[in-house]
Structures are given as structure tokens and as C-alpha cells.
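Shown here: data.cif, mmCIF, N, CA and C atoms.
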data_work
#
loop_
_atom_site.label_atom_id
_atom_site.label_comp_id
_atom_site.auth_asym_id
_atom_site.auth_seq_id
_atom_site.Cartn_x
_atom_site.Cartn_y
_atom_site.Cartn_z
N MET Y 8 -20.13 -11.13 0.77
CA MET Y 8 -19.41 -11.57 1.94
C MET Y 8 -19.97 -12.92 2.38
N LYS Y 9 -19.06 -13.77 2.81
CA LYS Y 9 -19.43 -15.06 3.38
C LYS Y 9 -18.86 -15.11 4.79
N TYR Y 10 -19.54 -15.80 5.70
CA TYR Y 10 -19.02 -15.87 7.06
C TYR Y 10 -19.45 -17.15 7.74
N SER Y 11 -18.76 -17.46 8.81
CA SER Y 11 -19.18 -18.52 9.72
C SER Y 11 -18.87 -18.04 11.13
N GLU Y 12 -19.48 -18.68 12.10
CA GLU Y 12 -19.29 -18.26 13.48
C GLU Y 12 -18.61 -19.36 14.27
N GLY Y 13 -17.76 -18.96 15.17
CA GLY Y 13 -17.08 -19.89 16.07
C GLY Y 13 -16.84 -19.18 17.39
N SER Y 14 -16.09 -19.81 18.24
CA SER Y 14 -15.73 -19.18 19.50
C SER Y 14 -14.28 -19.52 19.82
N ILE Y 15 -13.74 -18.82 20.79
CA ILE Y 15 -12.34 -19.03 21.14
C ILE Y 15 -12.21 -20.25 22.04
N GLY Y 16 -11.30 -21.11 21.64
CA GLY Y 16 -10.98 -22.31 22.43
C GLY Y 16 -9.76 -22.04 23.29
N ARG Y 17 -8.72 -22.81 23.08
CA ARG Y 17 -7.49 -22.66 23.85
C ARG Y 17 -6.71 -21.43 23.39
N VAL Y 18 -5.89 -20.91 24.30
CA VAL Y 18 -4.99 -19.81 23.99
C VAL Y 18 -3.58 -20.31 24.27
N PHE Y 19 -2.70 -20.18 23.28
CA PHE Y 19 -1.32 -20.64 23.41
C PHE Y 19 -0.37 -19.45 23.38
N VAL Y 20 0.67 -19.52 24.19
CA VAL Y 20 1.73 -18.52 24.23
C VAL Y 20 3.01 -19.22 23.78
N LEU Y 21 3.60 -18.76 22.68
CA LEU Y 21 4.80 -19.39 22.13
C LEU Y 21 5.95 -18.40 22.10
N ARG Y 22 7.15 -18.90 22.32
CA ARG Y 22 8.35 -18.11 22.09
C ARG Y 22 9.14 -18.78 20.97
N LEU Y 23 9.29 -18.07 19.86
CA LEU Y 23 10.09 -18.58 18.75
C LEU Y 23 11.54 -18.20 18.99
N ASP Y 24 12.43 -19.11 18.66
CA ASP Y 24 13.85 -18.89 18.85
C ASP Y 24 14.49 -18.37 17.57
N ASP Y 25 15.69 -17.86 17.71
CA ASP Y 25 16.46 -17.33 16.61
C ASP Y 25 16.51 -18.31 15.44
N GLY Y 26 16.14 -17.83 14.25
CA GLY Y 26 16.21 -18.65 13.05
C GLY Y 26 14.97 -19.44 12.71
N GLU Y 27 14.00 -19.52 13.63
CA GLU Y 27 12.77 -20.25 13.31
C GLU Y 27 11.94 -19.45 12.30
N THR Y 28 11.33 -20.16 11.35
CA THR Y 28 10.52 -19.53 10.31
C THR Y 28 9.08 -19.40 10.81
N LEU Y 29 8.55 -18.20 10.71
CA LEU Y 29 7.25 -17.87 11.32
C LEU Y 29 6.14 -18.82 10.91
N ASN Y 30 5.79 -18.89 9.63
CA ASN Y 30 4.66 -19.73 9.21
C ASN Y 30 4.91 -21.20 9.52
N ASP Y 31 6.10 -21.69 9.19
CA ASP Y 31 6.40 -23.11 9.41
C ASP Y 31 6.27 -23.49 10.87
N THR Y 32 6.76 -22.64 11.77
CA THR Y 32 6.72 -22.94 13.20
C THR Y 32 5.29 -22.95 13.72
N ILE Y 33 4.50 -21.96 13.32
CA ILE Y 33 3.10 -21.91 13.75
C ILE Y 33 2.33 -23.12 13.22
N GLU Y 34 2.53 -23.46 11.96
CA GLU Y 34 1.83 -24.60 11.36
C GLU Y 34 2.23 -25.92 12.02
N ALA Y 35 3.50 -26.11 12.30
CA ALA Y 35 3.97 -27.34 12.96
C ALA Y 35 3.40 -27.44 14.37
N PHE Y 36 3.42 -26.33 15.11
CA PHE Y 36 2.86 -26.32 16.46
C PHE Y 36 1.37 -26.65 16.42
N ALA Y 37 0.65 -26.02 15.50
CA ALA Y 37 -0.80 -26.24 15.40
C ALA Y 37 -1.09 -27.70 15.09
N ALA Y 38 -0.37 -28.28 14.15
CA ALA Y 38 -0.58 -29.70 13.81
C ALA Y 38 -0.30 -30.60 15.01
N GLU Y 39 0.77 -30.32 15.73
CA GLU Y 39 1.15 -31.14 16.88
C GLU Y 39 0.13 -31.06 18.02
N HIS Y 40 -0.53 -29.90 18.15
CA HIS Y 40 -1.47 -29.69 19.26
C HIS Y 40 -2.94 -29.74 18.84
N GLY Y 41 -3.20 -30.16 17.60
CA GLY Y 41 -4.57 -30.32 17.14
C GLY Y 41 -5.33 -29.03 16.94
N VAL Y 42 -4.63 -27.94 16.64
CA VAL Y 42 -5.28 -26.66 16.36
C VAL Y 42 -5.51 -26.58 14.86
N LYS Y 43 -6.77 -26.59 14.44
CA LYS Y 43 -7.09 -26.55 13.02
C LYS Y 43 -7.38 -25.14 12.52
N ARG Y 44 -7.94 -24.32 13.41
CA ARG Y 44 -8.34 -22.96 13.04
C ARG Y 44 -7.92 -22.00 14.14
N GLY Y 45 -7.52 -20.79 13.72
CA GLY Y 45 -7.12 -19.84 14.74
C GLY Y 45 -6.70 -18.49 14.18
N ALA Y 46 -6.29 -17.64 15.09
CA ALA Y 46 -5.72 -16.33 14.77
C ALA Y 46 -4.39 -16.25 15.51
N ALA Y 47 -3.39 -15.67 14.86
CA ALA Y 47 -2.06 -15.59 15.45
C ALA Y 47 -1.55 -14.16 15.41
N PHE Y 48 -0.85 -13.78 16.47
CA PHE Y 48 -0.23 -12.46 16.60
C PHE Y 48 1.25 -12.67 16.90
N TYR Y 49 2.13 -11.95 16.20
CA TYR Y 49 3.58 -12.08 16.39
C TYR Y 49 4.18 -10.72 16.70
N VAL Y 50 5.05 -10.68 17.69
CA VAL Y 50 5.84 -9.49 18.02
C VAL Y 50 7.27 -9.97 18.22
N GLY Y 51 8.20 -9.35 17.53
CA GLY Y 51 9.59 -9.75 17.70
C GLY Y 51 10.46 -9.20 16.59
N GLY Y 52 11.49 -9.95 16.28
CA GLY Y 52 12.43 -9.52 15.26
C GLY Y 52 12.34 -10.38 14.02
N SER Y 53 12.76 -9.82 12.89
CA SER Y 53 12.92 -10.59 11.66
C SER Y 53 14.39 -10.51 11.27
N ALA Y 54 14.91 -11.65 10.82
CA ALA Y 54 16.33 -11.77 10.52
C ALA Y 54 16.68 -11.18 9.17
N ASP Y 55 17.93 -10.75 9.06
CA ASP Y 55 18.50 -10.34 7.78
C ASP Y 55 18.30 -11.46 6.77
N GLY Y 56 17.83 -11.12 5.58
CA GLY Y 56 17.61 -12.13 4.55
C GLY Y 56 16.21 -12.74 4.55
N SER Y 57 15.39 -12.38 5.54
CA SER Y 57 14.00 -12.85 5.53
C SER Y 57 13.34 -12.35 4.24
N ARG Y 58 12.35 -13.12 3.80
CA ARG Y 58 11.69 -12.78 2.53
C ARG Y 58 10.18 -12.59 2.74
N LEU Y 59 9.65 -11.56 2.07
CA LEU Y 59 8.22 -11.27 2.11
C LEU Y 59 7.67 -11.16 0.70
N VAL Y 60 6.42 -11.57 0.53
CA VAL Y 60 5.70 -11.31 -0.72
C VAL Y 60 5.12 -9.91 -0.57
N VAL Y 61 5.50 -9.01 -1.48
CA VAL Y 61 5.11 -7.60 -1.36
C VAL Y 61 4.14 -7.15 -2.45
N GLY Y 62 3.52 -8.10 -3.11
CA GLY Y 62 2.50 -7.77 -4.09
C GLY Y 62 2.66 -8.58 -5.35
N PRO Y 63 1.63 -8.54 -6.19
CA PRO Y 63 1.73 -9.25 -7.47
C PRO Y 63 2.44 -8.36 -8.49
N ASP Y 64 3.05 -9.00 -9.46
CA ASP Y 64 3.64 -8.30 -10.59
C ASP Y 64 2.49 -7.83 -11.48
N ALA Y 65 2.15 -6.56 -11.39
CA ALA Y 65 0.99 -6.01 -12.10
C ALA Y 65 1.20 -5.96 -13.61
N THR Y 66 2.43 -6.18 -14.08
CA THR Y 66 2.66 -6.15 -15.52
C THR Y 66 2.22 -7.44 -16.19
N ARG Y 67 2.00 -8.50 -15.40
CA ARG Y 67 1.56 -9.78 -15.95
C ARG Y 67 0.04 -9.85 -15.91
N GLN Y 68 -0.58 -9.96 -17.06
CA GLN Y 68 -2.04 -10.06 -17.13
C GLN Y 68 -2.52 -11.50 -17.18
N ASP Y 69 -1.60 -12.43 -17.48
CA ASP Y 69 -2.00 -13.83 -17.66
C ASP Y 69 -1.81 -14.70 -16.42
N ALA Y 70 -1.17 -14.15 -15.38
CA ALA Y 70 -0.91 -14.96 -14.18
C ALA Y 70 -0.65 -14.04 -12.99
N VAL Y 71 -0.88 -14.57 -11.80
CA VAL Y 71 -0.55 -13.84 -10.59
C VAL Y 71 0.87 -14.25 -10.21
N VAL Y 72 1.81 -13.34 -10.37
CA VAL Y 72 3.22 -13.61 -10.09
C VAL Y 72 3.61 -12.79 -8.86
N PRO Y 73 3.99 -13.46 -7.76
CA PRO Y 73 4.33 -12.72 -6.55
C PRO Y 73 5.66 -11.98 -6.68
N LEU Y 74 5.71 -10.79 -6.11
CA LEU Y 74 6.95 -10.04 -5.99
C LEU Y 74 7.55 -10.36 -4.63
N ILE Y 75 8.80 -10.78 -4.60
CA ILE Y 75 9.47 -11.16 -3.36
C ILE Y 75 10.47 -10.07 -2.99
N HIS Y 76 10.44 -9.63 -1.74
CA HIS Y 76 11.38 -8.63 -1.23
C HIS Y 76 12.21 -9.27 -0.12
N THR Y 77 13.51 -9.12 -0.19
CA THR Y 77 14.41 -9.64 0.84
C THR Y 77 14.77 -8.51 1.79
N LEU Y 78 14.53 -8.75 3.09
CA LEU Y 78 14.82 -7.74 4.10
C LEU Y 78 16.32 -7.65 4.35
N ALA Y 79 16.81 -6.42 4.48
CA ALA Y 79 18.22 -6.19 4.77
C ALA Y 79 18.36 -5.78 6.22
N GLY Y 80 19.09 -6.56 6.98
CA GLY Y 80 19.31 -6.25 8.40
C GLY Y 80 18.20 -6.77 9.27
N ALA Y 81 18.52 -7.01 10.53
CA ALA Y 81 17.50 -7.39 11.51
C ALA Y 81 16.53 -6.24 11.67
N ARG Y 82 15.25 -6.57 11.89
CA ARG Y 82 14.20 -5.55 11.97
C ARG Y 82 13.22 -5.84 13.09
N GLU Y 83 12.57 -4.79 13.55
CA GLU Y 83 11.45 -4.92 14.47
C GLU Y 83 10.24 -5.34 13.65
N THR Y 84 9.45 -6.29 14.17
CA THR Y 84 8.41 -6.87 13.33
C THR Y 84 7.12 -7.13 14.10
N LEU Y 85 6.01 -6.86 13.44
CA LEU Y 85 4.67 -7.21 13.91
C LEU Y 85 4.02 -8.05 12.83
N ALA Y 86 3.25 -9.05 13.22
CA ALA Y 86 2.52 -9.84 12.23
C ALA Y 86 1.18 -10.26 12.81
N LEU Y 87 0.23 -10.42 11.93
CA LEU Y 87 -1.12 -10.84 12.28
C LEU Y 87 -1.57 -11.79 11.20
N GLY Y 88 -2.25 -12.86 11.60
CA GLY Y 88 -2.69 -13.79 10.57
C GLY Y 88 -3.74 -14.76 11.03
N THR Y 89 -4.12 -15.62 10.09
CA THR Y 89 -5.12 -16.64 10.34
C THR Y 89 -4.53 -18.02 10.11
N LEU Y 90 -5.21 -19.01 10.63
CA LEU Y 90 -4.81 -20.40 10.49
C LEU Y 90 -6.06 -21.21 10.19
N PHE Y 91 -6.09 -21.84 9.01
CA PHE Y 91 -7.22 -22.68 8.62
C PHE Y 91 -6.69 -23.88 7.85
N PRO Y 92 -7.41 -25.01 7.90
CA PRO Y 92 -6.91 -26.21 7.21
C PRO Y 92 -7.08 -26.11 5.70
N ASP Y 93 -6.10 -26.70 4.98
CA ASP Y 93 -6.22 -26.81 3.54
C ASP Y 93 -7.02 -28.06 3.21
N LYS Y 94 -7.11 -28.41 1.92
CA LYS Y 94 -7.96 -29.55 1.51
C LYS Y 94 -7.51 -30.87 2.12
N SER Y 95 -6.24 -30.97 2.51
CA SER Y 95 -5.75 -32.21 3.14
C SER Y 95 -5.94 -32.19 4.66
N GLY Y 96 -6.43 -31.06 5.20
CA GLY Y 96 -6.65 -30.94 6.64
C GLY Y 96 -5.47 -30.35 7.39
N ARG Y 97 -4.40 -29.99 6.68
CA ARG Y 97 -3.20 -29.43 7.30
C ARG Y 97 -3.44 -27.97 7.65
N PRO Y 98 -3.20 -27.56 8.93
CA PRO Y 98 -3.37 -26.15 9.28
C PRO Y 98 -2.38 -25.28 8.49
N THR Y 99 -2.91 -24.25 7.84
CA THR Y 99 -2.10 -23.40 6.97
C THR Y 99 -2.23 -21.94 7.42
N ALA Y 100 -1.09 -21.33 7.71
CA ALA Y 100 -1.07 -19.94 8.18
C ALA Y 100 -1.05 -18.96 7.02
N HIS Y 101 -1.72 -17.84 7.20
CA HIS Y 101 -1.66 -16.71 6.27
C HIS Y 101 -1.35 -15.50 7.15
N MET Y 102 -0.07 -15.10 7.17
CA MET Y 102 0.41 -14.04 8.05
C MET Y 102 0.86 -12.83 7.24
N HIS Y 103 0.41 -11.64 7.64
CA HIS Y 103 0.90 -10.41 7.05
C HIS Y 103 1.76 -9.69 8.07
N VAL Y 104 2.82 -9.08 7.57
CA VAL Y 104 3.91 -8.58 8.40
C VAL Y 104 4.17 -7.10 8.11
N ALA Y 105 4.47 -6.35 9.16
CA ALA Y 105 5.04 -5.01 9.03
C ALA Y 105 6.39 -5.08 9.73
N SER Y 106 7.43 -4.70 9.01
CA SER Y 106 8.78 -4.85 9.53
C SER Y 106 9.56 -3.57 9.26
N GLY Y 107 10.21 -3.03 10.29
CA GLY Y 107 10.89 -1.76 10.10
C GLY Y 107 12.29 -1.73 10.68
N ARG Y 108 13.10 -0.79 10.13
CA ARG Y 108 14.46 -0.57 10.59
C ARG Y 108 14.86 0.85 10.20
N GLU Y 109 15.30 1.63 11.19
CA GLU Y 109 15.83 2.97 10.95
C GLU Y 109 14.89 3.84 10.13
N GLY Y 110 13.59 3.83 10.46
CA GLY Y 110 12.63 4.68 9.79
C GLY Y 110 12.11 4.16 8.47
N GLU Y 111 12.55 2.99 8.06
CA GLU Y 111 12.11 2.39 6.81
C GLU Y 111 11.24 1.18 7.13
N ALA Y 112 10.11 1.04 6.45
CA ALA Y 112 9.20 -0.07 6.74
C ALA Y 112 8.85 -0.84 5.47
N THR Y 113 8.62 -2.14 5.66
CA THR Y 113 8.17 -3.01 4.58
C THR Y 113 6.97 -3.79 5.09
N VAL Y 114 5.95 -3.92 4.27
CA VAL Y 114 4.76 -4.68 4.63
C VAL Y 114 4.56 -5.76 3.57
N GLY Y 115 4.23 -6.97 4.01
CA GLY Y 115 3.99 -8.04 3.05
C GLY Y 115 3.53 -9.31 3.72
N CYS Y 116 3.43 -10.36 2.94
CA CYS Y 116 2.99 -11.67 3.41
C CYS Y 116 4.22 -12.51 3.75
N ALA Y 117 4.16 -13.22 4.88
CA ALA Y 117 5.30 -13.98 5.39
C ALA Y 117 5.54 -15.30 4.68
N ARG Y 118 4.69 -15.70 3.73
CA ARG Y 118 4.79 -17.03 3.15
C ARG Y 118 6.10 -17.30 2.41
N ALA Y 119 6.83 -16.24 2.04
CA ALA Y 119 8.11 -16.44 1.34
C ALA Y 119 9.25 -16.81 2.29
N GLY Y 120 9.04 -16.62 3.61
CA GLY Y 120 10.07 -17.05 4.57
C GLY Y 120 10.57 -15.99 5.50
N LEU Y 121 9.77 -15.63 6.50
CA LEU Y 121 10.22 -14.69 7.53
C LEU Y 121 10.85 -15.48 8.67
N GLU Y 122 12.13 -15.23 8.91
CA GLU Y 122 12.85 -15.91 9.98
C GLU Y 122 12.96 -15.00 11.19
N THR Y 123 12.79 -15.60 12.36
CA THR Y 123 12.90 -14.88 13.62
C THR Y 123 14.35 -14.43 13.84
N TRP Y 124 14.52 -13.19 14.28
CA TRP Y 124 15.83 -12.71 14.72
C TRP Y 124 15.80 -12.66 16.24
N LEU Y 125 16.66 -13.38 16.86
CA LEU Y 125 16.85 -13.48 18.30
C LEU Y 125 15.66 -14.11 19.00
N VAL Y 126 14.51 -13.41 19.00
CA VAL Y 126 13.34 -13.96 19.70
C VAL Y 126 12.06 -13.38 19.11
N GLY Y 127 11.01 -14.19 19.13
CA GLY Y 127 9.70 -13.73 18.69
C GLY Y 127 8.63 -14.30 19.60
N GLU Y 128 7.60 -13.54 19.83
CA GLU Y 128 6.50 -13.95 20.69
C GLU Y 128 5.23 -14.11 19.86
N VAL Y 129 4.54 -15.23 20.07
CA VAL Y 129 3.30 -15.51 19.35
C VAL Y 129 2.19 -15.80 20.35
N ILE Y 130 1.04 -15.21 20.12
CA ILE Y 130 -0.19 -15.59 20.82
C ILE Y 130 -1.07 -16.24 19.75
N LEU Y 131 -1.45 -17.48 20.00
CA LEU Y 131 -2.28 -18.24 19.07
C LEU Y 131 -3.63 -18.51 19.74
N LEU Y 132 -4.69 -17.98 19.15
CA LEU Y 132 -6.05 -18.17 19.65
C LEU Y 132 -6.73 -19.22 18.79
N GLU Y 133 -7.14 -20.31 19.40
CA GLU Y 133 -7.83 -21.38 18.68
C GLU Y 133 -9.29 -20.98 18.45
N ILE Y 134 -9.78 -21.23 17.25
CA ILE Y 134 -11.20 -21.02 16.92
C ILE Y 134 -11.87 -22.38 16.87
N VAL Y 135 -12.94 -22.54 17.65
CA VAL Y 135 -13.69 -23.80 17.67
C VAL Y 135 -15.13 -23.52 17.22
N GLY Y 136 -15.79 -24.55 16.69
CA GLY Y 136 -17.19 -24.44 16.30
C GLY Y 136 -17.39 -23.91 14.90
N SER Y 137 -16.34 -23.75 14.13
CA SER Y 137 -16.43 -23.30 12.74
C SER Y 137 -15.83 -24.39 11.86
N GLU Y 138 -16.35 -24.51 10.67
CA GLU Y 138 -15.80 -25.46 9.70
C GLU Y 138 -15.08 -24.74 8.56
N ALA Y 139 -14.75 -23.46 8.76
CA ALA Y 139 -14.05 -22.70 7.73
C ALA Y 139 -12.76 -23.42 7.35
N HIS Y 140 -12.41 -23.32 6.06
CA HIS Y 140 -11.22 -24.01 5.55
C HIS Y 140 -10.71 -23.27 4.32
N ARG Y 141 -9.59 -23.73 3.80
CA ARG Y 141 -9.01 -23.12 2.59
C ARG Y 141 -9.28 -24.02 1.39
N GLU Y 142 -9.68 -23.41 0.27
CA GLU Y 142 -9.89 -24.13 -0.98
C GLU Y 142 -9.12 -23.41 -2.09
N VAL Y 143 -8.56 -24.18 -3.00
CA VAL Y 143 -7.83 -23.58 -4.11
C VAL Y 143 -8.81 -22.91 -5.07
N ASP Y 144 -8.55 -21.64 -5.37
CA ASP Y 144 -9.34 -20.88 -6.33
C ASP Y 144 -8.74 -21.11 -7.72
N PRO Y 145 -9.50 -21.70 -8.65
CA PRO Y 145 -8.94 -22.01 -9.97
C PRO Y 145 -8.44 -20.77 -10.74
N ALA Y 146 -9.06 -19.63 -10.51
CA ALA Y 146 -8.68 -18.43 -11.26
C ALA Y 146 -7.32 -17.88 -10.83
N THR Y 147 -7.02 -17.94 -9.54
CA THR Y 147 -5.77 -17.35 -9.04
C THR Y 147 -4.74 -18.39 -8.59
N GLY Y 148 -5.22 -19.59 -8.25
CA GLY Y 148 -4.32 -20.60 -7.69
C GLY Y 148 -4.10 -20.42 -6.20
N PHE Y 149 -4.73 -19.39 -5.61
CA PHE Y 149 -4.59 -19.13 -4.17
C PHE Y 149 -5.44 -20.10 -3.37
N ASP Y 150 -4.96 -20.44 -2.19
CA ASP Y 150 -5.72 -21.24 -1.20
C ASP Y 150 -6.59 -20.26 -0.42
N LEU Y 151 -7.82 -20.03 -0.86
CA LEU Y 151 -8.67 -19.00 -0.27
C LEU Y 151 -9.50 -19.52 0.89
N LEU Y 152 -9.74 -18.65 1.84
CA LEU Y 152 -10.58 -18.97 2.99
C LEU Y 152 -12.02 -19.16 2.53
N THR Y 153 -12.62 -20.25 2.96
CA THR Y 153 -14.01 -20.56 2.64
C THR Y 153 -14.75 -20.75 3.95
N PRO Y 154 -15.50 -19.72 4.40
CA PRO Y 154 -16.28 -19.89 5.62
C PRO Y 154 -17.33 -20.98 5.42
N ALA Y 155 -17.50 -21.80 6.45
CA ALA Y 155 -18.49 -22.88 6.35
C ALA Y 155 -19.18 -23.07 7.68
#

Translate this structure into C-alpha cells?
Amino acid sequence: MKYSEGSIGRVFVLRLDDGETLNDTIEAFAAEHGVKRGAAFYVGGSADGSRLVVGPDATRQDAVVPLIHTLAGARETLALGTLFPDKSGRPTAHMHVASGREGEATVGCARAGLETWLVGEVILLEIVGSEAHREVDPATGFDLLTPA
């Protein structure tokens, strides 16, 4: 395990509008307001046609191939994630989502394109005093969190 320590800075309350994409909106807001590191919580809806990464294709041994699932119908959604800068300094969100409709649930990563249905609420907690960032892992190609 690797870790770094920081503390909570500013706290932002955001309302996402219908059709806004979760990760893109959080990243754009963070860049505009100088938030480099943080934790984000989302409560709201996900639109029909939203896409989630629901795991790697385990049949491929030579590469990590994401499985993409397209949500059918508007759904109730919860998401939790982190925000850390990539090698260029751009704040990059990593959000995991649980989304349900009529007793059926899907869990996955929002990076494939989760769109807000009607309205979504985000609480963004800024982390200050840490130099944690994302670095590309040569083995997987993932932008992994590197505590510093």
C-alpha cells in the first residue's frame, strides 16, 4: 500500500442539468475552479443510453479490453469517485456508479459516458496538501493513482 496525507479544502455543491456528462462536467468544473485533487459524490438520474465500463473482457490474455454496457431507460443513480491530475496536470475523475431501474441494477465505471437524466447533485470535496497524481501504468495502460 502507498499513501499520502492531505486535508479538506473547499467544498462545492453542483447541480448537473439534463444531458450533462458526469466525468466531463466534474473535470471541467475542477479545471475552471483550480481543484486538482478531490472526492466527488453524485446522486441523481442517469439517462437512457448512458454507457458504463462493466469489467474487462476476461477472455483476452494479451490486453485489458473494457466491456461497455449501455443503460436502457432512465435510472436512479449513485456515484462515488476521486479526482487527481494526470501527467499534464489536468484533473481527471474516476467515478464508479450504481444505477438501478425496476429492481435491476448495474454497477460500473462512468468513464464510457454517464449522462445526467433530468437532474444530478454533486458534492465535490477538495483535497489540499497532497501531491497525489495519476501516472500511466505501462502494463495495463491505466492512469493509476500515485500517492505522493

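As for atom C of Thr84 in chain Y and atom N of Asp55 in chain Y, they are spaced 12.5 Å apart.
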
Written as a VMD selection string, which residues does the PyMOL selection byres (((chain Y and resi 113-128 and name CA) around 9) and name CA) give for the file shown?
chain Y and resid 20 to 31 48 to 62 75 to 76 78 81 to 84 86 100 to 107 111 to 112 129 to 130

Please provide the set of residues having any atom within 6.5 Å of Pro63 in chain Y, restricted to all atoms listed in the file, with same-chain residues fewer than 3 positions apart removed, written as a list in words.
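My list of contacting residues is Thr66, Val71, Val72, Pro73 and Leu74 of chain Y.
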
Which residue gives the smallest distance to Pro92 in chain Y among Y:His40, Y:Arg108, Y:His140, Y:Lys9, with all atoms listed in the file counted?
Y:His140

Here is a test: counting only N, CA and C atoms, which residue of Y:Ile33, Y:Lys43, Y:Met8, Y:Leu152 is nearest to Val135 in chain Y?
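Smallest separation from Val135 in chain Y among the options: Y:Lys43.
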
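Taking CA of Ser14 in chain Y and atom N of Asp144 in chain Y as the two end points, the separation is 26.0 Å.
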
Interatomic distance (Å, one decimal) between CA of Phe149 in chain Y and CA of Ala38 in chain Y
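Here the two named atoms are 21.2 Å from each other.
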
Given all atoms listed in the file as the basis, pick out the residue of Y:Tyr10, Y:Arg141, Y:Phe19, Y:Ala155 nearest to Ser95 in chain Y.
Y:Arg141

Chain Y: residues DSSP assigns to helix (DSSP H, G or I), reported as a ChimeraX atom specification
/Y:29-40,117-119

From the DSSP assignment of the backbone, select every residue of chain Y that is strand (DSSP E or B), and format the answer as a PyMOL selection string.
chain Y and resi 14-24+28+45-53+58-63+73-77+82-92+98-108+111-116+122-135+140-143+150-153
